[in-house]
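**Student:** Handing you this structure, nothing more for now.
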Amino acid sequence: MDDLRIIELYFKRDEQAIKETDAKYGKLCRSIAYNILNNHEDSEECVNDTYVGVWNAIPPIKPNNFMSFVCKIARNLSLKRLEFMKREKRSPDVLVSLDDLASVLPDDRYAPDVSDEDVGKLISRFLRMQKEDVRSVFVRKYYFFDSVADIAVRFGFTESKVKNMMFCTRNKLRDYLIKEGVEI
Amino acid sequence: MKISRLANSVGHIDDDLITAATKSRNNKRSYWVKWVSIAACFCLIITAAIIMIPYISSSDNNNGLTQSSDSMSYAMAINGFLYEPLSIPETFYEKYPELKNITERITTGYRYRISAEDIGEYIEIVPALETAHLPEGKAYHWSAYPNLDSIIIVEREGMYSFFVSEGYIFPSESIDNSSSILAKHKLPESAVNFEVEDSALIITDKSVIAEICAIISNKEHDADHSYRNRIWEAWRNEKGDVGVSFDGTDFSYSNPQIHEEFAHFFAENIRSIIVNTENGFEIILRVDLKYNYILINNKTFNLTQSDSDQLSILINIK
């Protein structure tokens, strides 16, 4: 079923909308949640919460890009749950991807006047200046939190090449953010 | 502990970037064809992966040469190998620890000024890249490491920058037989050692290295992704036709548990052999001795059962 039809079902408050969303994007949501939480039970709960979130948001929102709308909700909920798990000391693992990003822009003390949305726009602009595969590897790693091994298989690169690409892109991004006034 | 701010910020990137990344996959081949059509006369510059990294312009350079800026940040084929703008692999530092200081200064925004003393022996012309408005340039060895082919200096329009290569060979179409890769790397003569990943085994015995090279030479290149198909068929034979589907390029999974199980199934028999050469290249041979193939430069070469049996003894795995 195409996305517009699914959105129509949400507007009609038809619960079939959730089944269709699960059929089309459930796998993607589960992979995002699992990549972040590394736990099937928590991931499944996050995916269910994602559907609740989508159900509550549509209407009034009518997303232009339904897939990324669903992904964003799944990602945000998973990151929130991860934060909760860390606070509760339920997860001993700190994801490497998050640490990588922390080294680029550590925390709220830096550029407190610039919102996350604005930084997101800067990152989008930065990514558009990169070659397509560099851009996609970055998004796969830091948006979808794919493992280096999965990215290597996906793009046909060696793992060391993927690591190098990410290392360079992070450094370049850090310099770009500094240039744009987001000091680190 | 809070999730880093940037992790949250990445969540706000534009929708089309997210969509593009879900559709992206290995498109090396079509990418190659595209470049051939655009720059057919520059047959050595087939692929160009723009990897923007912080090359620093230096205006207050007293005795150094002008460093390149972003305009040089294109991958390029030099002497038949793919070189990328300076992005030194961590493993490189184990061999050349003194480089770490220099490269960190470049990549973290400090200045390393390439000076006239750095320019070593001339290697070859770097063809122009018209689509990026880059004129012809010249490649030189780094005088500090005159025998190293893996890190070089490229000059274009009076601007200089470092480029590195792991030993990836271009044009990849030239790799129709494993022997062409071995010959290009002057193996087995140029081998310093063969490291078997995830084990303590480092093979330095020249006769063993020669024996391994002899086993993997003269192997024909199989179809792209054929090894994936092979693993998928093995999975179906063992587990039945459920859980994992394959569209000829990518796998998809019915649930996360299956994904995890399949990833383990896929990887459990693969061993990487890292070949270190005396000119600084690091070539990764990924061997799967259960399903009889070897991946070199992302190409699948078939092994016979007898090849696999001999290799498993030489590299000391089950």
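Just so we're on the same page: first chain in the structure tokens is A, next is B, and so on; residues restart at 1 for each chain, and ligands are numbered from 1 in the order they show up.
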Residues near A:Pro63, anyone? I mean within 10 Å using only C-alpha atoms, not counting same-chain ones fewer than 6 positions away, as a ChimeraX atom specification.
**Tutor:** /A:3-4,7,57,69-70
**Student:** Next, the residues of the selection above should be written as a short mmCIF file (atom, residue, chain, number, x, y, z; two decimals), in the first residue's frame with N, CA and C atoms.
**Tutor:**
```
data_model
loop_
_atom_site.label_atom_id
_atom_site.label_comp_id
_atom_site.auth_asym_id
_atom_site.auth_seq_id
_atom_site.Cartn_x
_atom_site.Cartn_y
_atom_site.Cartn_z
N ASP A 3 2.13 5.20 0.62
CA ASP A 3 2.12 5.99 1.85
C ASP A 3 0.88 6.88 1.97
N LEU A 4 0.47 7.46 0.84
CA LEU A 4 -0.69 8.36 0.90
C LEU A 4 -1.95 7.63 1.37
N ILE A 7 -1.71 7.08 5.05
CA ILE A 7 -2.02 8.33 5.78
C ILE A 7 -3.54 8.58 5.78
N ALA A 57 -0.20 11.50 16.17
CA ALA A 57 0.26 12.68 15.43
C ALA A 57 -0.55 12.93 14.15
N PHE A 69 9.16 10.25 8.56
CA PHE A 69 8.35 10.64 9.73
C PHE A 69 8.31 9.49 10.74
N VAL A 70 8.04 8.30 10.24
CA VAL A 70 7.97 7.13 11.13
C VAL A 70 9.36 6.83 11.72
#
```
**Student:** Using only C-alpha atoms, which residues of stretch 114-176 of chain A come within 12 Å of stretch 19-28 of chain A, and what is the closest atom pair for each, with the distance in Å to one decimal? Give it as CSV, sorted by chain and residue number.
**Tutor:**
```
residue,atom,partner,partner_atom,distance
A:Arg140,CA,A:Leu28,CA,11.8
A:Phe144,CA,A:Leu28,CA,9.1
A:Phe145,CA,A:Leu28,CA,11.7
A:Asp146,CA,A:Leu28,CA,11.3
```
**Student:** I need the residues from that last selection saved to file as a CSV table (one decimal), in the first residue's frame (with C-alpha atoms), if you can.
**Tutor:**
```csv
chain,number,residue,atom,x,y,z
A,140,ARG,CA,23.4,4.9,8.0
A,144,PHE,CA,20.1,4.5,11.7
A,145,PHE,CA,23.1,3.5,13.9
A,146,ASP,CA,24.0,0.6,11.6
```
**Student:** Grab the atom CA of B:Met76 to atom CA of B:Tyr122 distance for me, in Å with one decimal place.
**Tutor:** 16.7 Å
**Student:** Using atom CA of B:Ala223 and atom CA of B:Leu182 as the two end points, give the distance in Å to one decimal.
**Tutor:**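 Between atom CA of B:Ala223 and atom CA of B:Leu182 the gap is 19.7 Å.
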**Student:** Using only C-alpha atoms, pick whichever of A:Asp49, A:Ile178, A:Glu159, A:Ser31 has the shortest atom-to-atom distance to chain B.
**Tutor:**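 For chain B, the nearest of the given residues is A:Ser31.
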**Student:** Which residue, A:Tyr176, A:Thr158, A:Lys131, A:Arg125, has the smallest gap to chain B when you use only C-alpha atoms?
**Tutor:** A:Lys131
**Student:** Have a look at atom CA of B:Asn218 and atom CA of B:Ala200 and let me know their distance in Å, one decimal.
**Tutor:**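 Between atom CA of B:Asn218 and atom CA of B:Ala200 the gap is 28.6 Å.
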**Student:** Please list as number ranges by chain every residue within 12 Å of A:Asp42, counting only C-alpha atoms and excluding residues in the same chain fewer than 2 positions away.
**Tutor:** A: 30-40, 44-49, 74, 77-82, 84-85, 90-91
**Student:** Between A:Phe155, A:Phe66, A:Phe138, A:Tyr51, which is the closest to A:Gln16 once you count only C-alpha atoms?
**Tutor:**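 Between A:Phe155, A:Phe66, A:Phe138, A:Tyr51, the residue approaching A:Gln16 most closely is A:Tyr51.
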**Student:** Residues within 10 Å of B:Glu268, please, as a VMD selection string. Count only C-alpha atoms; anything in the same chain fewer than 4 positions from it doesn't count.
**Tutor:** chain B and resid 262 to 264 288 290
**Student:** For those residues, write N, CA and C atoms to a file as a compact mmCIF listing (two decimals), in the first residue's frame.
**Tutor:**
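Output (result37.txt):
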```
# COMPACT_ATOMS: atom_id res chain seq x y z
N PHE B 262 21.38 -14.74 11.17
CA PHE B 262 21.94 -14.81 9.82
C PHE B 262 23.30 -14.10 9.75
N ALA B 263 23.40 -12.96 10.45
CA ALA B 263 24.67 -12.23 10.45
C ALA B 263 25.78 -13.13 11.01
N HIS B 264 25.43 -13.89 12.03
CA HIS B 264 26.41 -14.80 12.62
C HIS B 264 26.75 -15.92 11.64
N ASP B 288 36.58 -17.51 2.93
CA ASP B 288 35.55 -18.35 3.54
C ASP B 288 35.85 -19.77 3.06
N LYS B 290 34.70 -22.53 4.20
CA LYS B 290 33.59 -23.48 4.21
C LYS B 290 32.84 -23.42 2.88
```
